[in-house]
Structures are given as structure tokens and as C-alpha cells.
file data24.cif (mmCIF, C-alpha atoms)
data_coords
loop_
_atom_site.label_atom_id
_atom_site.label_comp_id
_atom_site.auth_asym_id
_atom_site.auth_seq_id
_atom_site.Cartn_x
_atom_site.Cartn_y
_atom_site.Cartn_z
CA MET Q 1 100.73 158.03 113.51
CA GLY Q 2 97.97 160.62 113.88
CA GLY Q 3 95.66 157.89 112.60
CA LEU Q 4 95.81 156.22 116.02
CA LEU Q 5 92.99 158.51 117.09
CA ALA Q 6 90.30 160.08 114.92
CA LEU Q 7 88.05 162.51 116.73
CA PRO Q 8 84.51 162.81 115.33
CA PRO Q 9 83.16 166.04 113.82
CA GLY Q 10 80.05 167.60 115.30
CA GLN Q 11 76.74 166.16 114.12
CA GLY Q 12 74.68 169.34 114.55
CA PRO Q 13 73.77 171.91 111.87
CA HIS Q 14 76.64 174.31 112.58
CA ARG Q 15 80.29 174.14 111.58
CA VAL Q 16 82.53 174.57 114.63
CA GLY Q 17 85.47 176.85 115.25
CA CYS Q 18 87.77 177.11 118.23
CA THR Q 19 90.40 179.35 119.70
CA ASP Q 20 92.48 179.56 122.87
CA VAL Q 21 91.95 182.42 125.30
CA MET Q 22 94.40 183.45 128.02
CA VAL Q 23 93.82 186.60 130.04
CA GLY Q 24 96.01 187.95 132.83
CA HIS Q 25 99.73 187.56 133.43
CA THR Q 26 99.49 185.61 136.72
CA ARG Q 27 98.10 182.26 137.77
CA GLN Q 28 95.01 184.16 138.92
CA GLY Q 29 94.20 184.80 135.26
CA LEU Q 30 92.26 182.41 133.03
CA PHE Q 31 93.10 179.90 130.31
CA LEU Q 32 90.43 178.23 128.21
CA ARG Q 33 89.59 176.82 124.80
CA LEU Q 34 86.50 178.31 123.21
CA PHE Q 35 84.34 176.19 120.86
CA TYR Q 36 81.65 178.03 118.88
CA PRO Q 37 79.50 177.90 115.72
CA CYS Q 38 81.52 179.36 112.87
CA LEU Q 39 81.27 180.34 109.23
CA PRO Q 40 82.86 178.07 106.60
CA ARG Q 41 86.34 179.10 105.56
CA ALA Q 42 88.35 177.64 102.69
CA GLY Q 43 91.57 175.96 103.76
CA ALA Q 44 90.82 176.28 107.46
CA ALA Q 45 93.53 174.83 109.71
CA GLU Q 46 92.64 172.22 112.32
CA PRO Q 47 94.28 172.57 115.77
CA LEU Q 48 96.38 169.88 117.40
CA TRP Q 49 94.49 167.84 119.99
CA VAL Q 50 97.48 167.88 122.37
CA PRO Q 51 98.50 171.51 121.92
CA ARG Q 52 102.15 171.26 123.04
CA PRO Q 53 104.68 168.51 123.85
CA GLU Q 54 104.70 169.50 127.54
CA TYR Q 55 101.16 168.14 127.84
CA CYS Q 56 102.36 164.69 126.73
CA GLY Q 57 104.82 164.81 129.61
CA GLY Q 58 102.05 165.67 132.03
CA LEU Q 59 99.81 162.91 130.69
CA ALA Q 60 102.60 160.33 130.87
CA ASP Q 61 103.21 161.25 134.49
CA VAL Q 62 99.54 161.25 135.52
CA THR Q 63 98.20 158.25 133.56
CA LEU Q 64 101.26 156.01 133.41
CA GLY Q 65 103.34 157.26 136.34
CA ARG Q 66 106.30 157.36 133.94
CA ARG Q 67 107.27 160.76 132.59
CA TRP Q 68 109.92 159.08 130.43
CA CYS Q 69 107.05 157.74 128.30
CA SER Q 70 106.35 161.29 127.15
CA ALA Q 71 108.18 160.88 123.85
CA LEU Q 72 106.37 157.62 123.06
CA LEU Q 73 103.04 159.23 123.88
CA GLY Q 74 103.95 162.15 121.68
CA VAL Q 75 104.62 159.81 118.76
CA ALA Q 76 101.30 158.03 119.35
CA ILE Q 77 98.99 161.03 119.74
CA GLY Q 78 101.04 164.18 119.15
CA SER Q 79 99.89 164.68 115.56
CA VAL Q 80 96.15 164.12 116.18
CA ARG Q 81 94.02 167.08 115.13
CA VAL Q 82 90.57 168.26 116.18
CA PRO Q 83 88.06 168.49 113.27
CA VAL Q 84 87.21 172.16 113.83
CA SER Q 85 88.27 175.44 112.22
CA TRP Q 86 91.13 177.02 114.17
CA ASN Q 87 90.32 180.71 114.75
CA GLY Q 88 87.41 180.39 112.34
CA PRO Q 89 85.07 183.40 112.03
CA LEU Q 90 82.18 183.33 114.50
CA LYS Q 91 78.79 182.73 112.88
CA PRO Q 92 76.59 185.70 113.89
CA CYS Q 93 73.51 184.96 116.01
CA SER Q 94 71.08 187.83 116.59
CA ARG Q 95 69.40 186.22 119.59
CA GLY Q 96 72.73 185.16 121.08
CA TYR Q 97 74.17 181.72 121.69
CA PRO Q 98 73.67 180.05 125.08
CA LEU Q 99 76.88 179.41 127.02
CA ILE Q 100 78.31 176.26 128.60
CA ILE Q 101 81.36 176.50 130.88
CA PHE Q 102 83.15 173.14 130.98
CA SER Q 103 85.44 171.86 133.76
CA HIS Q 104 87.92 169.04 133.08
CA GLY Q 105 88.69 166.05 135.28
CA LEU Q 106 91.70 165.28 137.46
CA GLY Q 107 94.87 164.98 135.38
CA ALA Q 108 93.21 166.28 132.20
CA PHE Q 109 93.34 169.66 130.45
CA ARG Q 110 91.27 171.93 128.21
CA THR Q 111 91.41 169.88 124.98
CA LEU Q 112 90.70 166.32 126.21
CA TYR Q 113 86.92 166.72 125.83
CA SER Q 114 87.08 168.19 122.32
CA SER Q 115 84.66 165.62 120.87
CA LEU Q 116 81.92 166.53 123.36
CA CYS Q 117 82.61 170.28 123.21
CA THR Q 118 82.59 170.16 119.39
CA GLU Q 119 79.30 168.26 119.41
CA LEU Q 120 77.63 170.79 121.73
CA ALA Q 121 78.95 173.76 119.72
CA SER Q 122 77.63 172.17 116.52
CA TRP Q 123 74.12 172.43 118.01
CA GLY Q 124 74.43 176.16 118.67
CA PHE Q 125 76.32 176.65 121.95
CA VAL Q 126 79.45 178.55 122.84
CA VAL Q 127 81.49 176.21 125.04
CA ALA Q 128 84.29 177.56 127.23
CA ALA Q 129 86.52 174.63 128.22
CA LEU Q 130 88.65 175.75 131.15
CA GLU Q 131 92.18 174.65 132.00
CA HIS Q 132 92.29 174.80 135.79
CA ARG Q 133 95.28 176.21 137.64
CA ASP Q 134 94.79 174.40 140.96
CA HIS Q 135 97.45 171.74 140.15
CA SER Q 136 94.72 169.31 139.01
CA ALA Q 137 95.52 169.63 135.28
CA ALA Q 138 98.12 167.24 133.82
CA THR Q 139 100.05 170.46 133.35
CA THR Q 140 99.24 174.06 132.42
CA TYR Q 141 100.98 177.39 132.18
CA PHE Q 142 100.61 181.17 132.23
CA CYS Q 143 102.61 183.96 130.62
CA PRO Q 144 104.12 186.50 133.03
CA ALA Q 145 104.30 190.13 131.96
CA LYS Q 146 107.93 189.77 130.85
CA ALA Q 147 107.76 189.17 127.11
CA GLY Q 148 108.48 185.66 125.88
CA THR Q 149 108.35 183.96 129.28
CA GLU Q 150 106.15 181.15 130.56
CA GLU Q 151 105.61 179.59 133.96
CA TRP Q 152 104.33 176.03 134.13
CA ILE Q 153 101.97 174.69 136.82
CA PRO Q 154 102.53 170.93 137.20
CA PHE Q 155 100.08 168.29 138.36
CA GLN Q 156 100.30 167.76 142.11
CA ARG Q 157 99.44 164.61 144.02
CA VAL Q 158 98.15 164.75 147.59
CA PRO Q 159 101.13 165.72 149.79
CA GLN Q 160 102.31 163.03 152.17
CA GLY Q 161 100.68 163.34 155.57
CA GLN Q 162 97.79 165.48 154.30
CA LYS Q 163 94.23 164.17 154.21
CA GLU Q 164 92.96 163.89 150.67
CA PHE Q 165 89.56 165.44 151.39
CA TYR Q 166 91.01 168.74 152.62
CA PHE Q 167 93.45 168.92 149.70
CA ARG Q 168 90.77 168.18 147.08
CA ASN Q 169 88.14 170.33 148.77
CA LYS Q 170 90.40 173.37 148.50
CA GLN Q 171 90.95 172.56 144.82
CA VAL Q 172 87.26 172.14 144.02
CA HIS Q 173 86.48 175.55 145.51
CA GLN Q 174 89.22 177.16 143.41
CA ARG Q 175 87.94 175.35 140.33
CA ALA Q 176 84.35 176.51 140.86
CA GLN Q 177 85.55 180.06 141.39
CA GLU Q 178 87.45 179.87 138.09
CA CYS Q 179 84.18 178.88 136.39
CA VAL Q 180 82.55 181.99 137.86
CA ARG Q 181 85.45 184.13 136.64
CA VAL Q 182 84.98 182.86 133.08
CA LEU Q 183 81.38 184.05 133.29
CA ARG Q 184 82.52 187.44 134.63
CA LEU Q 185 84.99 187.75 131.73
CA LEU Q 186 82.29 187.08 129.16
CA GLN Q 187 79.83 189.38 130.93
CA SER Q 188 82.35 192.21 130.69
CA ILE Q 189 82.86 191.52 126.97
CA THR Q 190 79.11 191.65 126.29
CA ARG Q 191 79.06 195.04 128.02
CA GLY Q 192 81.65 196.28 125.54
CA ARG Q 193 84.75 196.19 127.73
CA ALA Q 194 88.04 195.17 126.15
CA ALA Q 195 89.52 191.86 127.29
CA PRO Q 196 92.73 191.41 125.31
CA THR Q 197 93.99 187.85 125.17
CA ILE Q 198 97.74 187.59 125.57
CA LEU Q 199 98.25 184.65 123.22
CA PRO Q 200 99.78 185.48 119.83
CA GLN Q 201 97.09 184.13 117.48
CA GLY Q 202 94.86 187.12 118.18
CA TRP Q 203 91.21 185.98 117.85
CA ASP Q 204 89.17 189.07 118.69
CA LEU Q 205 86.98 188.37 121.74
CA SER Q 206 84.91 191.49 121.06
CA VAL Q 207 83.02 189.57 118.32
CA LEU Q 208 81.19 187.82 121.17
CA LYS Q 209 79.61 191.09 122.30
CA ASP Q 210 76.32 190.79 120.40
CA ASN Q 211 76.38 187.02 119.96
CA LEU Q 212 76.00 185.61 123.48
CA ASP Q 213 72.85 185.25 125.56
CA LEU Q 214 74.15 185.28 129.13
CA THR Q 215 70.70 184.75 130.57
CA LYS Q 216 71.14 181.15 129.36
CA VAL Q 217 74.25 179.78 131.01
CA ALA Q 218 75.00 176.27 132.22
CA VAL Q 219 78.06 174.67 133.80
CA MET Q 220 79.26 171.19 132.95
CA GLY Q 221 82.18 168.93 133.78
CA HIS Q 222 83.59 165.42 134.03
CA SER Q 223 84.69 163.60 137.19
CA PHE Q 224 86.43 166.26 139.34
CA GLY Q 225 84.89 168.70 136.87
CA GLY Q 226 81.45 167.17 137.50
CA ILE Q 227 81.49 168.05 141.18
CA THR Q 228 83.08 171.40 140.24
CA ALA Q 229 79.98 172.10 138.14
CA VAL Q 230 77.70 171.26 141.08
CA LEU Q 231 79.62 173.59 143.40
CA ALA Q 232 79.59 176.35 140.79
CA LEU Q 233 75.77 176.37 141.06
CA VAL Q 234 76.19 177.29 144.72
CA LYS Q 235 78.67 180.07 144.00
CA GLU Q 236 76.90 181.75 141.07
CA PRO Q 237 73.13 182.19 140.65
CA SER Q 238 73.54 182.99 136.93
CA PHE Q 239 74.30 179.31 136.33
CA ARG Q 240 70.82 177.93 135.70
CA CYS Q 241 71.69 174.23 135.74
CA ALA Q 242 74.61 171.80 135.79
CA VAL Q 243 75.48 168.65 133.86
CA ALA Q 244 77.81 166.38 135.84
CA LEU Q 245 79.49 163.59 133.88
CA ASP Q 246 80.50 160.70 136.17
CA ALA Q 247 80.93 163.19 139.01
CA TRP Q 248 83.56 162.48 141.68
CA MET Q 249 81.42 163.35 144.70
CA PHE Q 250 84.15 162.93 147.32
CA PRO Q 251 85.65 166.47 147.41
CA LEU Q 252 82.42 168.36 148.22
CA GLU Q 253 81.51 168.94 151.86
CA ASN Q 254 78.12 167.51 152.86
CA LEU Q 255 76.89 170.75 154.42
CA LEU Q 256 76.75 172.37 150.98
CA TYR Q 257 74.29 169.83 149.55
CA PRO Q 258 71.23 171.80 150.74
CA GLU Q 259 72.72 174.94 149.17
CA VAL Q 260 72.68 173.63 145.57
CA PRO Q 261 69.88 175.73 144.05
CA GLY Q 262 69.57 174.62 140.44
CA PRO Q 263 68.77 171.28 138.82
CA VAL Q 264 71.61 168.85 138.11
CA LEU Q 265 71.79 166.12 135.47
CA PHE Q 266 74.13 163.31 136.55
CA ILE Q 267 75.22 161.18 133.57
CA ASN Q 268 77.21 158.23 134.91
CA THR Q 269 79.25 155.45 133.37
CA GLU Q 270 78.77 151.91 134.54
CA LYS Q 271 82.03 151.24 136.38
CA PHE Q 272 83.10 154.37 138.28
CA GLN Q 273 80.50 155.16 140.92
CA THR Q 274 80.35 153.54 144.36
CA PRO Q 275 77.23 152.98 146.50
CA GLU Q 276 78.42 155.83 148.77
CA SER Q 277 78.81 158.20 145.82
CA ALA Q 278 75.44 157.19 144.39
CA ALA Q 279 73.82 157.88 147.77
CA LYS Q 280 75.29 161.39 147.70
CA MET Q 281 73.86 161.97 144.22
CA ARG Q 282 70.43 160.82 145.34
CA ARG Q 283 70.58 163.02 148.42
CA LEU Q 284 71.53 166.06 146.37
CA SER Q 285 68.97 165.29 143.66
CA SER Q 286 66.15 164.83 146.16
CA ARG Q 287 66.25 168.56 146.89
CA ASN Q 288 65.24 169.52 143.33
CA SER Q 289 62.48 167.67 141.52
CA GLN Q 290 64.05 168.58 138.16
CA SER Q 291 67.39 166.87 138.88
CA ARG Q 292 68.01 163.55 137.17
CA ILE Q 293 70.43 160.63 137.48
CA VAL Q 294 71.06 158.28 134.54
CA THR Q 295 73.71 155.69 133.71
CA VAL Q 296 75.03 154.79 130.26
CA LEU Q 297 75.52 151.02 130.21
CA GLY Q 298 78.64 149.45 128.74
CA THR Q 299 80.82 152.48 129.49
CA VAL Q 300 83.80 153.19 131.73
CA HIS Q 301 85.00 156.48 133.21
CA GLU Q 302 87.33 157.43 130.34
CA ASP Q 303 84.57 156.86 127.77
CA GLN Q 304 83.36 160.40 128.52
CA THR Q 305 86.70 161.80 127.31
CA ASP Q 306 88.34 161.85 123.88
CA PHE Q 307 90.39 158.82 124.93
CA ALA Q 308 87.31 156.73 124.08
CA PHE Q 309 88.35 157.06 120.42
CA LEU Q 310 91.76 155.46 120.93
CA PRO Q 311 92.29 152.02 119.40
CA LYS Q 312 91.27 149.28 121.83
CA LYS Q 313 94.79 147.99 122.51
CA LEU Q 314 96.24 151.44 123.23
CA PHE Q 315 93.26 152.36 125.43
CA SER Q 316 93.67 149.13 127.41
CA LEU Q 317 97.42 149.69 127.80
CA ILE Q 318 96.86 153.12 129.35
CA PHE Q 319 93.59 152.73 131.24
CA GLY Q 320 92.82 149.02 131.53
CA ARG Q 321 89.56 147.51 130.40
CA ARG Q 322 87.49 149.67 128.04
CA GLY Q 323 83.74 149.89 127.65
CA THR Q 324 81.71 147.65 125.35
CA LEU Q 325 79.46 150.43 124.00
CA GLU Q 326 80.73 151.81 120.69
CA PRO Q 327 82.26 155.24 121.50
CA HIS Q 328 80.32 157.23 118.88
CA ARG Q 329 77.11 155.77 120.31
CA ALA Q 330 78.19 156.65 123.86
CA LEU Q 331 78.97 160.23 122.79
CA ALA Q 332 75.57 160.52 121.10
CA ILE Q 333 73.70 159.36 124.22
CA THR Q 334 75.67 161.67 126.52
CA SER Q 335 75.36 164.74 124.30
CA ARG Q 336 71.68 164.20 123.52
CA ALA Q 337 70.79 163.76 127.19
CA ALA Q 338 72.71 166.94 127.99
CA LEU Q 339 71.00 168.83 125.14
CA ALA Q 340 67.54 167.72 126.31
CA PHE Q 341 68.33 168.87 129.85
CA LEU Q 342 69.71 172.21 128.66
CA HIS Q 343 66.68 172.68 126.40
CA ARG Q 344 64.43 172.27 129.41
CA HIS Q 345 66.28 174.50 131.86
CA LEU Q 346 67.71 177.19 129.59
CA GLU Q 347 64.33 177.47 127.81
CA LEU Q 348 65.80 177.02 124.34
CA GLN Q 349 63.85 177.19 121.07
CA GLU Q 350 65.57 174.24 119.40
CA GLN Q 351 64.09 170.74 119.12
CA PHE Q 352 66.29 169.08 121.74
CA GLY Q 353 63.17 167.96 123.59
CA GLN Q 354 63.04 165.03 121.16
CA TRP Q 355 65.58 163.35 123.44
CA ASP Q 356 63.66 163.93 126.71
CA GLU Q 357 63.21 160.21 127.33
CA LEU Q 358 66.94 159.88 127.95
CA LEU Q 359 66.50 162.05 131.06
CA GLU Q 360 64.25 159.35 132.50
CA GLY Q 361 66.73 156.59 131.66
CA VAL Q 362 64.61 155.31 128.77
CA GLY Q 363 66.39 154.17 125.64
CA ASP Q 364 69.03 151.86 124.28
CA ALA Q 365 72.01 151.48 126.69
CA VAL Q 366 70.69 153.97 129.26
CA VAL Q 367 68.98 153.31 132.60
CA PRO Q 368 67.75 155.52 135.43
CA ASP Q 369 69.72 156.01 138.65
CA VAL Q 370 72.96 154.10 139.41
CA PRO Q 371 72.49 150.35 139.07
CA PHE Q 372 74.72 147.98 141.03
CA GLY Q 373 74.05 144.56 139.61
CA ARG Q 374 74.82 142.58 136.51
CA SER Q 375 77.50 144.34 134.48
CA HIS Q 376 77.15 145.14 130.79
CA LEU Q 377 80.94 145.35 130.41
#
call {"tool": "encode", "arguments": {"input": "data24.cif", "output": "C-alpha cells"}}
result
Amino acid sequence: MGGLLALPPGQGPHRVGCTDVMVGHTRQGLFLRLFYPCLPRAGAAEPLWVPRPEYCGGLADVTLGRRWCSALLGVAIGSVRVPVSWNGPLKPCSRGYPLIIFSHGLGAFRTLYSSLCTELASWGFVVAALEHRDHSAATTYFCPAKAGTEEWIPFQRVPQGQKEFYFRNKQVHQRAQECVRVLRLLQSITRGRAAPTILPQGWDLSVLKDNLDLTKVAVMGHSFGGITAVLALVKEPSFRCAVALDAWMFPLENLLYPEVPGPVLFINTEKFQTPESAAKMRRLSSRNSQSRIVTVLGTVHEDQTDFAFLPKKLFSLIFGRRGTLEPHRALAITSRAALAFLHRHLELQEQFGQWDELLEGVGDAVVPDVPFGRSHL
């Protein structure tokens, strides 16, 4: 049944490894999946896409509203694997890899953007995909100091009687602060400080010490994670730019728009944004001449997640109508636009500038701004 979903390998020149990192014994700690260029290794294991059965329960509750579907979802997708080397040895890089910190959307978790994170890592980035602990993940957990124990943090809907903006605004600030804390963790590692992960597999974080260039750091995210990335620019000047995939603009207070210092690339799908949301993007982008807004035609909101690679019938059952653009093509457009933007604003030496025209909305299935007219779906 794992054949129901086949995630694509990275198309860049590097093989990709990944590992999970959890630091701290409280919910104020951090949990993330790290994707990175790695050395080839014979017989390398590939990690499960859905790392534990509890995540199927969270997904069933969030996407279907029926937790009892957890077992069925587990049968459908529980054996899917990510085409990367689990705990593979980091490929040394004398000049240091640039860093992307990635923030997931509402009801997602750290592994649901593995195709995009793998693609970016294959082009020479270290990607830290967070699992947020603000009750916006489908589910997540931490490990208290008592050996062998876990405490789960479930997804939480807006409490009855509470205004959604205030609930989500508090979450987005926590999420952005978690992005900053990931950077602080990696900064401390590059300075030679020990940061022992408390998960049993034991990938040694100290190997990052001489292999990261933390003068070249970007923040990226999808939906709720997209606006998280924008807010993270406000909170941390070391983030040089942000890439916001189909950003959910609603949770960010308007008064912070003038405070966004760095350039933002908004990559939208065709059927998620509203005129009000598009107006907010334009307002924010008008304050930095290097910001860009583009839309990938023939795509829907979930096409920027790994769910795009589900069979059509299963995708439609869970999410409704799917996009018309072939998912590998959509991933290529999204990743290449992001790489061109990162090349420009992190001052990279690679040849990602070959895709610059995508930043102006020029190319097959991509247009500038947010069009509201004839649908390509």
C-alpha cells in the first residue's frame, strides 16, 4: 500500500540525508527534521514519511474530522518512505552550507513537506523543518526528563467564544519565535557548544560546526508557515529573506507590516488567496523593491505539500478538487523560483540565477501577482 504515494527524489547534484532533532525536555524545547547534503552510503535506510501512527490520528482528525479514520489512513500512507538517507553522513562543505528554516502549515507537521525540503537540500542547503508546539501541528510531542516518557501536544481548534484572530495571532508569534530559537541552536553549535539531542538514533549535531554558513540564512513556510516566515523577519535580523508559500495573511497584525525589513517572495497557488489577502501581500511588498509576488497556475493549496503526490481519487476524497498542473512540474516551478530568490538575496555562488524570470512571473504556468479571473483549474 506504500505505492499509493511516491515522493520524488531531489533533482540537484547532492544526495540528501535527514535526521530528527529534539532538544530540551519541555514544550519550550525544539523538534525538527533536518535535511542536508550527504555522502553516499551502501544500504542506507529511508525514513517513514509519517513517522509514527499517532500522526495518522492527528491527520484524520484535522483533515477529515474523523479520528476513527486513523487506521484507514495508516493503511493508505503509513508505509510510505522518503527517498533520502536516514542519518546519512553529512557531506563536508568548506565554505559552509546556507540554511533554510521551514515552518509548516496549520494541521501539518515536520515531514509533510519532505519533497520540497529534499529538493532544496539536493541543491546544497541545510533545511531545518520545524514541528511547532503551539497546538497548530496535527499532533506533536516532547520527552520529559523522566526516562521513557512522552507528552503529546494535540491540534487545537479555536476555542468557542474566542475570536480567531487573537488565537491565531498568539500562535504565529510563538511559531516565529521557535524559528528564531532554531537559529540560536545552530549558532551555538557552530561556536562549538554541545547540543545533545534526546532522541535515541544519535546523529551527532557537532558535525555541523564547520559546515554551516550562518551569514546566509533564510526562513520559509507554507500557509500558516508562510506568514510565520514573514513575521520571523521582523523578530530576527539574521534572516536575510523569506519565501512564503500560499501565505495565510490573516493572523498577522497590520501594524507590523512596516516593520518587515527583508525581501519576501510570495509563491501562491491559484485557488487559495482572496482579494483581501492579495491586497495585504501587495501592501507588504510595496515596502521593499526586492519583494515579489507570483502565482503558479493550475494549482491548489495542498499542491505545495507532499499530498500533491497522492493518487487523484485519494487526494479528492481528502481535500476536494485537485490542481490540473502535474505535481512534479509544480514542485519544479516552486523550488526553482525559491532557489533564484535565495541566490539573489543570500549572495550564493551557484547558478540559480538561470531561473530569475520566474521571479517576474515569466514562464510556463506562472504569472505575476495574484490574478482573479479565468481559472486554469
call {"tool": "atom_distance", "arguments": {"input": "data24.cif", "atom1": "CA of Pro261 (chain Q)", "atom2": "CA of Asn288 (chain Q)"}}
result
7.8 Å
call {"tool": "closest_atom_pairs", "arguments": {"input": "data24.cif", "of": "region 178-273 of chain Q", "to": "region 9-27 of chain Q", "cutoff": "7 Å", "atoms": "only C-alpha atoms", "output": "Markdown table"}}
result
| residue | atom | partner | partner_atom | distance |
| --- | --- | --- | --- | --- |
| Q:Pro196 | CA | Q:Val23 | CA | 6.8 |
| Q:Thr197 | CA | Q:Val23 | CA | 5.0 |
| Q:Ile198 | CA | Q:Met22 | CA | 5.9 |
| Q:Leu199 | CA | Q:Met22 | CA | 6.3 |
| Q:Trp203 | CA | Q:Thr19 | CA | 6.9 |
call {"tool": "residues_near_point", "arguments": {"input": "data24.cif", "point": "(99.2, 176.1, 123.0)", "cutoff": "10 Å", "atoms": "only C-alpha atoms", "output": "PyMOL selection string"}}
result
chain Q and resi 19-21+33+47-55+140-141+199-201
call {"tool": "closest_residue", "arguments": {"input": "data24.cif", "among": "Q:Gly74, Q:Pro263, Q:Gly107, Q:Gly192", "to": "Arg344 (chain Q)", "atoms": "all atoms listed in the file"}}
result
Q:Pro263
call {"tool": "atom_distance", "arguments": {"input": "data24.cif", "atom1": "CA of Leu339 (chain Q)", "atom2": "CA of Gly298 (chain Q)"}}
result
21.1 Å
call {"tool": "residues_around", "arguments": {"input": "data24.cif", "residues": "Asp61 (chain Q)", "least_positions_apart": "5", "cutoff": "12 Å", "atoms": "all atoms listed in the file", "output": "NGL selection string"}}
result
:Q and (54-56 or 66-71 or 73 or 107-108 or 137-139 or 154-157 or 318)
call {"tool": "residues_near_point", "arguments": {"input": "data24.cif", "point": "(80.9, 179.5, 135.3)", "cutoff": "7 Å", "atoms": "all atoms listed in the file", "output": "list in words"}}
result
Ile101, Cys179, Val180, Arg181, Val182, Leu183, Val219, Ala232 and Phe239 of chain Q
call {"tool": "write_last_selection", "arguments": {"input": "data24.cif", "atoms": "C-alpha atoms", "output": "short mmCIF file (atom, residue, chain, number, x, y, z; two decimals), keeping the file's coordinate frame"}}
result
data_model
loop_
_atom_site.label_atom_id
_atom_site.label_comp_id
_atom_site.auth_asym_id
_atom_site.auth_seq_id
_atom_site.Cartn_x
_atom_site.Cartn_y
_atom_site.Cartn_z
CA ILE Q 101 81.36 176.50 130.88
CA CYS Q 179 84.18 178.88 136.39
CA VAL Q 180 82.55 181.99 137.86
CA ARG Q 181 85.45 184.13 136.64
CA VAL Q 182 84.98 182.86 133.08
CA LEU Q 183 81.38 184.05 133.29
CA VAL Q 219 78.06 174.67 133.80
CA ALA Q 232 79.59 176.35 140.79
CA PHE Q 239 74.30 179.31 136.33
#
call {"tool": "atom_distance", "arguments": {"input": "data24.cif", "atom1": "CA of Gln28 (chain Q)", "atom2": "CA of Arg133 (chain Q)"}}
result
8.1 Å
call {"tool": "resolve_selection", "arguments": {"input": "data24.cif", "expression": "the PyMOL selection byres ((chain Q and resi 250) around 10)", "output": "PyMOL selection string"}}
result
chain Q and resi 164-165+168-169+224+227+247-249+251-254+276-277+280
call {"tool": "closest_residue", "arguments": {"input": "data24.cif", "among": "Q:Ala308, Q:Leu346, Q:Pro37, Q:Ala242", "to": "Glu119 (chain Q)", "atoms": "all atoms listed in the file"}}
result
Q:Pro37
call {"tool": "closest_residue", "arguments": {"input": "data24.cif", "among": "Q:Thr228, Q:Ser79, Q:Ser286, Q:Gln304", "to": "Leu112 (chain Q)", "atoms": "all atoms listed in the file"}}
result
Q:Gln304
call {"tool": "closest_residue", "arguments": {"input": "data24.cif", "among": "Q:Leu256, Q:Leu99, Q:Ile189, Q:Val300", "to": "Ala218 (chain Q)", "atoms": "only C-alpha atoms"}}
result
Q:Leu99
call {"tool": "resolve_selection", "arguments": {"input": "data24.cif", "expression": "the PyMOL selection byres ((chain Q and resi 303) around 8)", "output": "list of chain:residue names"}}
result
Q:Thr269, Q:Thr299, Q:Val300, Q:His301, Q:Glu302, Q:Gln304, Q:Thr305, Q:Asp306, Q:Phe307, Q:Ala308, Q:Arg322, Q:Gly323, Q:Pro327, Q:Ala330
call {"tool": "closest_residue", "arguments": {"input": "data24.cif", "among": "Q:Ala45, Q:Ala337, Q:Leu208, Q:Met220", "to": "Glu360 (chain Q)", "atoms": "only C-alpha atoms"}}
result
Q:Ala337
call {"tool": "residues_around", "arguments": {"input": "data24.cif", "residues": "Glu259 (chain Q)", "least_positions_apart": "5", "cutoff": "10 Å", "atoms": "all atoms listed in the file", "output": "ChimeraX atom specification"}}
result
/Q:231,233-235,254,284,287
call {"tool": "residues_around", "arguments": {"input": "data24.cif", "residues": "Phe167 (chain Q)", "least_positions_apart": "3", "cutoff": "12 Å", "atoms": "all atoms listed in the file", "output": "list in words"}}
result
Asp134, His135, Ser136, Gln156, Arg157, Val158, Pro159, Gln160, Gly161, Gln162, Lys163, Glu164, Lys170, Gln171, Val172, His173, Gln174, Phe250, Pro251 and Leu252 of chain Q
call {"tool": "write_last_selection", "arguments": {"input": "data24.cif", "atoms": "C-alpha atoms", "output": "mmCIF file, keeping the file's coordinate frame"}}
result
data_model
loop_
_atom_site.group_PDB
_atom_site.id
_atom_site.type_symbol
_atom_site.label_atom_id
_atom_site.label_comp_id
_atom_site.auth_asym_id
_atom_site.auth_seq_id
_atom_site.Cartn_x
_atom_site.Cartn_y
_atom_site.Cartn_z
ATOM 1 C CA ASP Q 134 94.790 174.400 140.960
ATOM 2 C CA HIS Q 135 97.450 171.740 140.150
ATOM 3 C CA SER Q 136 94.720 169.310 139.010
ATOM 4 C CA GLN Q 156 100.300 167.760 142.110
ATOM 5 C CA ARG Q 157 99.440 164.610 144.020
ATOM 6 C CA VAL Q 158 98.150 164.750 147.590
ATOM 7 C CA PRO Q 159 101.130 165.720 149.790
ATOM 8 C CA GLN Q 160 102.310 163.030 152.170
ATOM 9 C CA GLY Q 161 100.680 163.340 155.570
ATOM 10 C CA GLN Q 162 97.790 165.480 154.300
ATOM 11 C CA LYS Q 163 94.230 164.170 154.210
ATOM 12 C CA GLU Q 164 92.960 163.890 150.670
ATOM 13 C CA LYS Q 170 90.400 173.370 148.500
ATOM 14 C CA GLN Q 171 90.950 172.560 144.820
ATOM 15 C CA VAL Q 172 87.260 172.140 144.020
ATOM 16 C CA HIS Q 173 86.480 175.550 145.510
ATOM 17 C CA GLN Q 174 89.220 177.160 143.410
ATOM 18 C CA PHE Q 250 84.150 162.930 147.320
ATOM 19 C CA PRO Q 251 85.650 166.470 147.410
ATOM 20 C CA LEU Q 252 82.420 168.360 148.220
#
call {"tool": "closest_residue", "arguments": {"input": "data24.cif", "among": "Q:Ala195, Q:Val126, Q:Ala229, Q:Ile153", "to": "Arg175 (chain Q)", "atoms": "all atoms listed in the file"}}
result
Q:Ala229
call {"tool": "residues_around", "arguments": {"input": "data24.cif", "residues": "Leu90 (chain Q)", "least_positions_apart": "6", "cutoff": "7 Å", "atoms": "all atoms listed in the file", "output": "PyMOL selection string"}}
result
chain Q and resi 36-39
call {"tool": "residues_around", "arguments": {"input": "data24.cif", "residues": "Val367 (chain Q)", "least_positions_apart": "6", "cutoff": "7 Å", "atoms": "all atoms listed in the file", "output": "ChimeraX atom specification"}}
result
/Q:294-296,361
